[in-house]
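Raw entry-v8.cif, mmCIF, C-alpha atoms and all ligand atoms:
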```
data_data
loop_
_atom_site.label_atom_id
_atom_site.label_comp_id
_atom_site.auth_asym_id
_atom_site.auth_seq_id
_atom_site.Cartn_x
_atom_site.Cartn_y
_atom_site.Cartn_z
CA MET U 1 -3.74 -23.99 -23.25
CA SER U 2 -5.28 -24.50 -19.85
CA GLU U 3 -3.56 -23.64 -16.61
CA SER U 4 -1.47 -26.60 -15.43
CA LYS U 5 -2.88 -28.72 -12.63
CA SER U 6 0.56 -30.21 -12.06
CA ASN U 7 2.29 -29.11 -8.89
CA SER U 8 5.75 -29.43 -10.47
CA LEU U 9 6.29 -27.11 -13.42
CA ASP U 10 9.67 -25.94 -14.58
CA PHE U 11 10.40 -22.21 -14.97
CA ARG U 12 10.24 -22.26 -18.78
CA THR U 13 6.81 -23.94 -18.84
CA ALA U 14 5.48 -21.77 -16.01
CA LEU U 15 6.55 -18.64 -17.90
CA LYS U 16 4.99 -19.88 -21.15
CA GLN U 17 1.69 -20.68 -19.41
CA GLY U 18 1.73 -17.31 -17.64
CA ILE U 19 2.26 -15.39 -20.88
CA HIS U 20 -0.53 -17.37 -22.51
CA LEU U 21 -2.95 -16.70 -19.64
CA LEU U 22 -2.24 -12.94 -19.78
CA ARG U 23 -2.40 -12.82 -23.57
CA GLU U 24 -5.84 -14.47 -23.51
CA ALA U 25 -6.95 -11.69 -21.13
CA HIS U 26 -5.50 -9.00 -23.49
CA VAL U 27 -3.07 -7.77 -20.84
CA PRO U 28 -0.54 -5.34 -22.38
CA SER U 29 3.17 -6.31 -22.15
CA ASP U 30 2.11 -9.88 -21.30
CA THR U 31 5.61 -11.38 -21.49
CA LEU U 32 7.17 -8.77 -19.22
CA ALA U 33 4.28 -9.01 -16.72
CA ALA U 34 4.46 -12.84 -16.52
CA GLU U 35 8.23 -12.67 -16.13
CA LEU U 36 8.06 -10.04 -13.36
CA LEU U 37 5.45 -12.04 -11.45
CA LEU U 38 7.46 -15.25 -11.78
CA LEU U 39 10.63 -13.52 -10.57
CA HIS U 40 8.66 -11.94 -7.71
CA VAL U 41 7.23 -15.18 -6.32
CA THR U 42 10.50 -17.10 -6.72
CA ARG U 43 12.73 -14.20 -5.54
CA ARG U 44 15.04 -14.81 -8.50
CA ASP U 45 16.48 -12.40 -11.07
CA ARG U 46 16.32 -12.57 -14.87
CA THR U 47 19.85 -13.90 -15.25
CA TRP U 48 19.04 -16.81 -12.98
CA LEU U 49 15.73 -17.46 -14.75
CA TYR U 50 17.28 -17.76 -18.21
CA ALA U 51 20.23 -19.81 -16.92
CA HIS U 52 17.96 -22.37 -15.18
CA PRO U 53 14.81 -22.76 -17.34
CA GLU U 54 14.51 -26.47 -16.46
CA GLU U 55 14.52 -25.91 -12.66
CA LEU U 56 11.25 -26.91 -10.96
CA LEU U 57 9.15 -24.38 -9.05
CA ASP U 58 8.05 -25.45 -5.61
CA PRO U 59 4.27 -25.99 -5.29
CA GLN U 60 3.74 -22.97 -3.06
CA ALA U 61 5.53 -20.61 -5.49
CA LEU U 62 3.54 -22.10 -8.36
CA GLU U 63 0.25 -21.49 -6.54
CA SER U 64 1.22 -17.86 -5.70
CA TYR U 65 2.31 -17.30 -9.31
CA PHE U 66 -1.02 -18.42 -10.79
CA SER U 67 -2.93 -16.48 -8.17
CA LEU U 68 -1.04 -13.29 -9.14
CA LEU U 69 -1.50 -14.03 -12.84
CA ARG U 70 -5.27 -14.25 -12.32
CA ARG U 71 -5.27 -10.91 -10.44
CA ARG U 72 -3.21 -9.34 -13.24
CA ALA U 73 -5.61 -10.76 -15.84
CA ALA U 74 -8.48 -9.15 -13.89
CA GLY U 75 -6.84 -5.72 -14.18
CA GLU U 76 -4.58 -5.18 -11.15
CA PRO U 77 -1.34 -3.48 -12.21
CA THR U 78 1.77 -5.66 -12.08
CA GLN U 79 3.43 -3.08 -9.80
CA HIS U 80 0.64 -3.47 -7.20
CA LEU U 81 1.24 -7.22 -7.23
CA THR U 82 5.02 -6.98 -6.88
CA GLY U 83 4.83 -3.79 -4.73
CA LYS U 84 7.60 -2.03 -6.63
CA GLN U 85 8.58 0.09 -9.63
CA GLU U 86 11.94 1.31 -10.78
CA PHE U 87 12.47 5.04 -11.37
CA TRP U 88 15.75 6.85 -12.03
CA GLY U 89 17.61 3.57 -11.50
CA VAL U 90 16.24 2.87 -8.03
CA GLU U 91 13.38 0.73 -6.77
CA PHE U 92 10.38 2.47 -5.17
CA GLU U 93 7.71 0.82 -3.08
CA VAL U 94 4.29 1.40 -4.64
CA THR U 95 0.83 0.72 -3.25
CA PRO U 96 -2.67 1.66 -4.42
CA ASP U 97 -2.21 4.94 -2.45
CA VAL U 98 0.29 6.38 -4.94
CA LEU U 99 0.66 6.83 -8.67
CA ILE U 100 2.99 4.23 -10.15
CA PRO U 101 6.02 6.28 -11.32
CA ARG U 102 6.07 6.52 -15.13
CA PRO U 103 9.21 6.51 -17.31
CA GLU U 104 8.27 9.81 -18.99
CA THR U 105 8.51 11.57 -15.60
CA GLU U 106 12.28 11.05 -15.77
CA HIS U 107 12.30 13.84 -18.41
CA LEU U 108 11.25 16.21 -15.61
CA ILE U 109 14.41 15.38 -13.67
CA GLU U 110 16.57 15.77 -16.79
CA VAL U 111 15.09 19.18 -17.63
CA ALA U 112 15.44 20.41 -14.03
CA LEU U 113 19.09 19.32 -13.81
CA ASP U 114 19.94 20.80 -17.24
CA ARG U 115 18.33 24.14 -16.45
CA LEU U 116 19.88 24.36 -12.98
CA ALA U 117 23.30 23.67 -14.54
CA VAL U 118 22.78 26.41 -17.14
CA ARG U 119 21.82 28.84 -14.37
CA GLU U 120 25.03 28.03 -12.49
CA LEU U 121 27.12 28.53 -15.64
CA ARG U 122 25.40 31.87 -16.31
CA ALA U 123 26.20 32.96 -12.76
CA ALA U 124 29.83 31.84 -13.37
CA ARG U 125 29.64 29.48 -10.41
CA ASP U 126 31.26 26.08 -10.09
CA SER U 127 30.18 23.97 -13.05
CA LYS U 128 29.75 20.84 -10.88
CA LEU U 129 26.16 20.96 -9.76
CA THR U 130 25.78 19.66 -6.20
CA GLY U 131 22.73 21.65 -5.19
CA GLU U 132 24.73 23.67 -2.65
CA GLY U 133 22.55 26.60 -1.54
CA LEU U 134 19.49 25.41 -3.50
CA THR U 135 16.05 24.99 -1.94
CA ILE U 136 13.74 22.77 -4.00
CA ILE U 137 10.11 21.73 -3.64
CA ASP U 138 8.33 18.79 -5.31
CA ILE U 139 4.56 19.37 -5.33
CA GLY U 140 2.39 16.22 -5.33
CA THR U 141 5.23 13.87 -4.52
CA GLY U 142 3.20 10.60 -4.56
CA SER U 143 5.74 7.79 -4.12
CA GLY U 144 8.46 10.43 -3.61
CA CYS U 145 10.18 9.47 -6.87
CA ILE U 146 10.96 13.03 -8.07
CA ALA U 147 12.23 14.26 -4.69
CA VAL U 148 14.40 11.16 -4.21
CA ALA U 149 15.84 11.36 -7.76
CA LEU U 150 16.78 15.00 -7.10
CA ALA U 151 18.26 14.06 -3.72
CA ILE U 152 20.43 11.48 -5.51
CA GLU U 153 21.64 13.99 -8.12
CA LEU U 154 21.98 17.04 -5.87
CA PRO U 155 23.59 15.82 -2.64
CA ASN U 156 23.74 19.30 -1.07
CA ALA U 157 20.27 20.60 -1.99
CA ASN U 158 17.65 21.36 0.61
CA LEU U 159 14.53 19.41 -0.45
CA TYR U 160 10.83 19.63 0.39
CA ALA U 161 8.10 17.31 -0.85
CA THR U 162 4.37 17.87 -0.47
CA ASP U 163 1.17 16.02 -1.16
CA ILE U 164 -2.49 16.59 -0.38
CA SER U 165 -2.79 12.88 0.46
CA PRO U 166 -1.45 11.78 3.87
CA ALA U 167 -1.47 8.16 2.67
CA ALA U 168 0.78 9.06 -0.28
CA LEU U 169 3.11 11.04 1.98
CA ALA U 170 3.51 8.01 4.24
CA ILE U 171 4.69 5.93 1.24
CA ALA U 172 6.99 8.73 0.04
CA GLN U 173 8.53 8.98 3.47
CA ARG U 174 8.98 5.20 3.63
CA ASN U 175 10.75 5.24 0.25
CA ALA U 176 13.02 8.08 1.35
CA THR U 177 13.90 6.17 4.53
CA GLN U 178 14.44 2.88 2.71
CA LEU U 179 16.71 4.56 0.13
CA GLY U 180 18.67 6.52 2.75
CA PHE U 181 17.31 10.04 2.09
CA ALA U 182 15.02 10.52 5.09
CA ASN U 183 17.22 13.26 6.55
CA ARG U 184 17.50 15.06 3.20
CA ILE U 185 13.80 15.62 2.42
CA THR U 186 11.16 17.41 4.52
CA PHE U 187 7.72 15.93 3.81
CA GLN U 188 4.74 18.21 4.23
CA GLU U 189 1.00 17.71 3.80
CA SER U 190 -0.20 20.67 1.76
CA ASN U 191 -2.72 21.70 -0.87
CA LEU U 192 -0.20 22.80 -3.54
CA LEU U 193 1.94 25.48 -1.83
CA SER U 194 -0.67 26.69 0.65
CA ALA U 195 1.19 25.38 3.72
CA PHE U 196 4.15 27.55 2.70
CA SER U 197 2.26 30.81 2.43
CA ASP U 198 1.86 33.33 5.26
CA ALA U 199 -1.65 32.08 5.94
CA GLY U 200 -0.65 28.42 5.90
CA ALA U 201 2.70 28.68 7.67
CA ARG U 202 1.26 27.94 11.08
CA TYR U 203 0.07 24.55 9.79
CA ILE U 204 3.54 23.44 8.82
CA VAL U 205 4.58 20.49 10.90
CA PRO U 206 7.06 18.32 9.02
CA LEU U 207 5.96 14.67 9.18
CA GLY U 208 7.69 12.65 11.83
CA THR U 209 8.22 15.62 14.15
CA HIS U 210 6.06 16.99 16.92
CA SER U 211 7.23 20.56 16.90
CA SER U 212 5.93 23.21 14.54
CA HIS U 213 8.36 24.36 11.91
CA ASN U 214 10.19 27.49 12.88
CA PHE U 215 9.76 30.10 10.17
CA SER U 216 12.09 32.93 10.96
CA SER U 217 10.17 35.23 8.63
CA SER U 218 6.46 35.70 8.03
CA LYS U 219 7.16 36.03 4.30
CA PRO U 220 6.30 33.13 1.99
CA ARG U 221 9.10 30.64 1.75
CA LEU U 222 11.08 31.09 -1.47
CA PHE U 223 12.49 28.31 -3.61
CA ASP U 224 15.08 27.95 -6.38
CA LEU U 225 13.09 25.18 -8.08
CA VAL U 226 9.41 24.26 -7.99
CA ILE U 227 8.90 20.93 -9.72
CA SER U 228 5.64 19.03 -10.14
CA ASN U 229 3.92 16.20 -11.95
CA PRO U 230 0.37 17.27 -11.03
CA PRO U 231 -2.76 15.25 -11.79
CA TYR U 232 -3.64 16.24 -15.35
CA ILE U 233 -6.22 13.83 -16.77
CA GLY U 234 -9.71 15.18 -17.45
CA ARG U 235 -12.55 13.45 -15.61
CA LYS U 236 -14.39 13.49 -18.92
CA GLU U 237 -11.62 11.21 -20.29
CA SER U 238 -11.94 8.66 -17.48
CA THR U 239 -13.84 6.10 -19.56
CA THR U 240 -10.98 6.03 -22.08
CA LEU U 241 -8.40 5.04 -19.46
CA PRO U 242 -7.11 1.46 -19.20
CA VAL U 243 -8.74 -0.46 -16.35
CA GLU U 244 -5.35 -0.73 -14.57
CA VAL U 245 -5.29 3.05 -14.26
CA ARG U 246 -8.97 3.95 -13.84
CA ASP U 247 -9.85 1.30 -11.27
CA HIS U 248 -6.54 0.92 -9.43
CA GLU U 249 -4.62 4.20 -9.19
CA PRO U 250 -5.79 6.93 -6.77
CA PRO U 251 -8.22 9.40 -8.42
CA SER U 252 -6.42 12.28 -6.67
CA SER U 253 -3.28 11.37 -8.58
CA LEU U 254 -5.06 11.19 -11.93
CA TYR U 255 -7.69 13.89 -12.35
CA GLY U 256 -6.88 17.59 -12.51
CA GLY U 257 -10.54 18.54 -13.01
CA GLU U 258 -13.23 18.01 -15.62
CA GLU U 259 -10.87 19.08 -18.43
CA GLY U 260 -7.63 17.97 -16.75
CA TYR U 261 -5.55 21.16 -16.86
CA GLU U 262 -7.37 23.01 -14.04
CA LEU U 263 -4.73 22.48 -11.34
CA TYR U 264 -2.05 24.26 -13.41
CA GLY U 265 -4.20 27.40 -13.14
CA GLN U 266 -3.71 27.36 -9.36
CA LEU U 267 -0.18 25.98 -9.25
CA ILE U 268 1.47 28.45 -11.65
CA PRO U 269 0.44 31.67 -9.81
CA GLN U 270 1.37 30.05 -6.47
CA ALA U 271 4.78 29.05 -7.88
CA ALA U 272 5.31 32.64 -9.06
CA LEU U 273 4.85 33.80 -5.46
CA HIS U 274 7.25 31.19 -4.10
CA LEU U 275 10.16 31.35 -6.55
CA LYS U 276 13.22 33.53 -6.19
CA PRO U 277 14.04 35.75 -9.18
CA SER U 278 15.53 33.43 -11.84
CA GLY U 279 14.08 30.46 -9.94
CA LEU U 280 12.80 27.61 -12.10
CA LEU U 281 9.38 26.05 -12.58
CA VAL U 282 9.38 22.57 -14.15
CA LEU U 283 6.01 20.94 -14.85
CA GLU U 284 4.97 17.65 -16.39
CA LEU U 285 2.20 17.96 -18.97
CA GLY U 286 -0.59 15.63 -20.03
CA HIS U 287 -0.65 14.58 -23.68
CA ASN U 288 -3.03 17.43 -24.56
CA SER U 289 -2.24 20.03 -21.83
CA LEU U 290 0.17 22.35 -23.65
CA PRO U 291 -2.35 24.67 -25.42
CA ALA U 292 -4.13 25.36 -22.12
CA VAL U 293 -1.03 25.64 -19.93
CA ARG U 294 1.50 27.57 -22.02
CA PRO U 295 -0.56 30.82 -22.03
CA LEU U 296 -0.46 30.80 -18.20
CA LEU U 297 3.31 31.29 -18.44
CA GLU U 298 3.21 33.92 -21.20
CA THR U 299 3.14 36.80 -18.72
CA PRO U 300 5.86 39.22 -17.50
CA ALA U 301 6.40 36.99 -14.44
CA TRP U 302 8.01 34.30 -16.60
CA ALA U 303 10.81 34.08 -19.18
CA ASN U 304 12.73 31.47 -21.17
CA LEU U 305 9.81 29.08 -21.65
CA LEU U 306 10.94 25.69 -22.86
CA VAL U 307 8.83 22.76 -24.07
CA THR U 308 10.51 19.34 -23.99
CA ASN U 309 9.05 16.36 -25.84
CA ASP U 310 9.10 12.82 -24.50
CA LEU U 311 10.40 9.84 -26.50
CA ALA U 312 7.01 9.51 -28.20
CA GLY U 313 7.24 13.13 -29.42
CA ILE U 314 4.55 14.36 -26.99
CA PRO U 315 5.17 17.79 -25.35
CA ARG U 316 5.82 16.43 -21.84
CA VAL U 317 7.70 19.05 -19.84
CA LEU U 318 7.06 22.78 -19.67
CA SER U 319 9.67 24.82 -17.87
CA ALA U 320 10.21 28.52 -17.28
CA GLU U 321 12.26 30.97 -15.28
CA ARG U 322 10.80 33.46 -12.83
CA THR U 323 11.62 37.04 -13.76
CA SER U 324 11.86 39.76 -11.16
CA ALA U 325 8.61 41.31 -12.47
C1 LIG X 1 0.34 12.56 -11.02
S1 LIG X 1 0.64 12.18 -9.32
C2 LIG X 1 2.41 12.38 -9.27
C3 LIG X 1 3.09 11.53 -8.23
C4 LIG X 1 4.61 11.55 -8.35
N1 LIG X 1 5.13 12.89 -8.19
C5 LIG X 1 5.06 10.97 -9.67
O1 LIG X 1 5.49 11.73 -10.53
O2 LIG X 1 4.95 9.73 -9.87
C6 LIG X 1 0.02 13.64 -8.57
C7 LIG X 1 0.15 13.72 -7.05
O3 LIG X 1 -0.36 15.00 -6.64
C8 LIG X 1 -1.13 14.86 -5.48
N2 LIG X 1 -2.10 15.96 -5.45
C9 LIG X 1 -3.30 16.07 -6.05
N3 LIG X 1 -3.86 17.26 -5.82
C10 LIG X 1 -2.98 17.95 -5.03
C11 LIG X 1 -3.00 19.23 -4.43
N4 LIG X 1 -4.02 20.06 -4.61
N5 LIG X 1 -1.94 19.60 -3.67
C12 LIG X 1 -0.89 18.74 -3.49
N6 LIG X 1 -0.83 17.51 -4.03
C13 LIG X 1 -1.85 17.11 -4.80
C14 LIG X 1 -1.76 13.47 -5.59
O4 LIG X 1 -2.12 12.98 -4.31
C15 LIG X 1 -0.63 12.69 -6.27
O5 LIG X 1 0.21 12.08 -5.32
#
```
When written as structure tokens, how does the structure in this file appear?
Ligand SMILES: C[S@@+](CC[C@H](N)C(=O)[O-])C[C@H]1O[C@@H](n2cnc3c(N)ncnc32)[C@H](O)[C@@H]1O
Amino acid sequence: MSESKSNSLDFRTALKQGIHLLREAHVPSDTLAAELLLLHVTRRDRTWLYAHPEELLDPQALESYFSLLRRRAAGEPTQHLTGKQEFWGVEFEVTPDVLIPRPETEHLIEVALDRLAVRELRAARDSKLTGEGLTIIDIGTGSGCIAVALAIELPNANLYATDISPAALAIAQRNATQLGFANRITFQESNLLSAFSDAGARYIVPLGTHSSHNFSSSKPRLFDLVISNPPYIGRKESTTLPVEVRDHEPPSSLYGGEEGYELYGQLIPQAALHLKPSGLLVLELGHNSLPAVRPLLETPAWANLLVTNDLAGIPRVLSAERTSA
């Protein structure tokens, strides 16, 4: 089937032609991608689309639709074309400066909330978890999806979000503002936790302010929860990645080093320094990270290690509790 030259196609035919074009280009999830692009250019929702399949698209929408289909067929991710991705039930702006939030990262939020709730029960505190008194840091926040999801679930928590990429932090901050959480999350450019250590404290200037942050103590800042989805793909695996990922997502959000697990080796000891006793560390893992990462937590500094699989049965989340050792 060739792309229609007509300037008056109905929605059903436009969708069919879009799916066909993407299928020919071996685009994964071709039906969903064509549907999302059609809804994007026409500013309609799915319910409308399936209730009005015979409605004609206007010529301008039709032209935009086929232009986006061609870009998708050439490898650009659908989310870069629509500018959005849903995570934890809310819509995040995404650009080529940030990793597109993945569904498996929602397990990180679930594990963090479960383990925080268990901690509260153990301490015989109120069983309704609001985050009251908790200080949380999301390392490598990207689009801000983890920090915002935690802000939604823990309305009284004190939240920090860091990234090494200023461009990513700008998107994260925009998402927080758009979703109404700008005053709940402090965004901070930092290499892992370095800006929160004694040596780095003088560099802490929360984004959007002009004053330096006032640390009342020269001690490292301590947290109740350190959570992170760090870059964990090995550079040596780069040729095996789909073109959408390899050529379109930021390398700093993908690669953790030649092997992939290198950043955990820096992050885990830094987290140990910055967690309160019985504070929690919750980390996302790459599909093959567990054998290299688990031993880093099998030391007296950590207890109650827990591995949580994702829906595909892959060990996806590694969590542990800081001891007082
Ligand atoms: C896998 S992405 C995760 C983004 C987001 N948290 C999510 O789950 O969708 C990793 C993020 O870590 C950031 N990053 C990479 N190296 C870092 C470092 N040394 N310190 C802080 N952030 C880093 C990247 O810029 C990227 O935004």
Compute the set of protein, DNA and RNA residues whose minimum atom distance to ligand LIG 1 (chain X) is at most 7 Å, using all atoms listed in the file, and state it as a VMD selection string.
chain U and resid 98 to 102 105 139 to 146 162 to 165 168 190 to 192 228 to 232 252 to 254
Identify which of the residues U:Val148, U:Leu15, U:Val245, U:Leu121 lies closest to U:Ala182, counting all atoms listed in the file when measuring atom-to-atom distances.
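Nearest to U:Ala182: U:Val148.
Residues within 12 Å of U:Glu132, counting only C-alpha atoms and excluding same-chain residues fewer than 4 positions away, are Leu116, Ala117, Glu120, Arg125, Asp126, Ser127, Lys128, Ile136, Ala151, Glu153, Leu154, Pro155, Asn156, Ala157, Asn158, Leu159 and Asp224 of chain U.
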Could you write out as JSON the box around stretch 70-81 of chain U (axis-aligned, all atoms listed in the file, 3 Å on each side), with centre and edge lengths in Å to one decimal?
```
{"center_x": -2.5, "center_y": -8.7, "center_z": -11.5, "size_x": 17.9, "size_y": 17.2, "size_z": 14.6}
```
Compile the contact shell of U:Thr308 as a PDB file with C-alpha atoms, in the frame of the given file: residues with an atom at most 9 Å away, counting all atoms listed in the file, same-chain residues fewer than 4 positions apart removed.
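Contents of result_18.pdb, freshly written:
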```
ATOM      1  CA  HIS U 107      12.300  13.840 -18.410  1.00  0.00           C
ATOM      2  CA  LEU U 108      11.250  16.210 -15.610  1.00  0.00           C
ATOM      3  CA  VAL U 111      15.090  19.180 -17.630  1.00  0.00           C
ATOM      4  CA  GLY U 313       7.240  13.130 -29.420  1.00  0.00           C
ATOM      5  CA  ILE U 314       4.550  14.360 -26.990  1.00  0.00           C
ATOM      6  CA  PRO U 315       5.170  17.790 -25.350  1.00  0.00           C
ATOM      7  CA  ARG U 316       5.820  16.430 -21.840  1.00  0.00           C
ATOM      8  CA  VAL U 317       7.700  19.050 -19.840  1.00  0.00           C
ATOM      9  CA  LEU U 318       7.060  22.780 -19.670  1.00  0.00           C
ATOM     10  CA  SER U 319       9.670  24.820 -17.870  1.00  0.00           C
TER      11      SER U 319
END
```
Mind giving me the straight-line distance from atom CA of U:Glu284 to atom CA of U:Ile227 in Å, one decimal?
8.4 Å
Quick check, in Å to one decimal: how far apart do atom CA of U:Leu38 and atom CA of U:Tyr65 lie?
6.1 Å
I need the residue nearest U:Glu55 from this list: U:Ala14, U:Ala161, U:Ala272, U:Val243. Use all atoms listed in the file for the distance.
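Residue with the minimum atom-to-atom distance to U:Glu55: U:Ala14.
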Residues within 10 Å of U:Ser64, please, as number ranges by chain. Count all atoms listed in the file; anything in the same chain fewer than 3 positions from it doesn't count.
U: 37-38, 40-42, 59-61, 67-70
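Here the question is which of U:Leu36, U:Thr177, U:Leu267, U:Phe187 gets nearest to U:Leu283 using all atoms listed in the file, and that residue is U:Leu267.
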Atom CA of U:Ile171 to atom CA of U:Arg246, distance in Å rounded to a single decimal
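About the pair atom CA of U:Ile171 and atom CA of U:Arg246: they are 20.4 Å apart.
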Would you list the contacts of U:Glu93 as a VMD selection string, taking every protein, DNA or RNA residue within 8 Å and counting all atoms listed in the file, but skipping same-chain residues closer than 2 positions in sequence?
chain U and resid 83 to 85 91 95 143 171 175
Suppose we keep C-alpha atoms; can you now write the selection as a PDB file, in the coordinates of the input?
```pdb
ATOM      1  CA  GLY U  83       4.830  -3.790  -4.730  1.00  0.00           C
ATOM      2  CA  LYS U  84       7.600  -2.030  -6.630  1.00  0.00           C
ATOM      3  CA  GLN U  85       8.580   0.090  -9.630  1.00  0.00           C
ATOM      4  CA  GLU U  91      13.380   0.730  -6.770  1.00  0.00           C
ATOM      5  CA  THR U  95       0.830   0.720  -3.250  1.00  0.00           C
ATOM      6  CA  SER U 143       5.740   7.790  -4.120  1.00  0.00           C
ATOM      7  CA  ILE U 171       4.690   5.930   1.240  1.00  0.00           C
ATOM      8  CA  ASN U 175      10.750   5.240   0.250  1.00  0.00           C
TER       9      ASN U 175
END
```
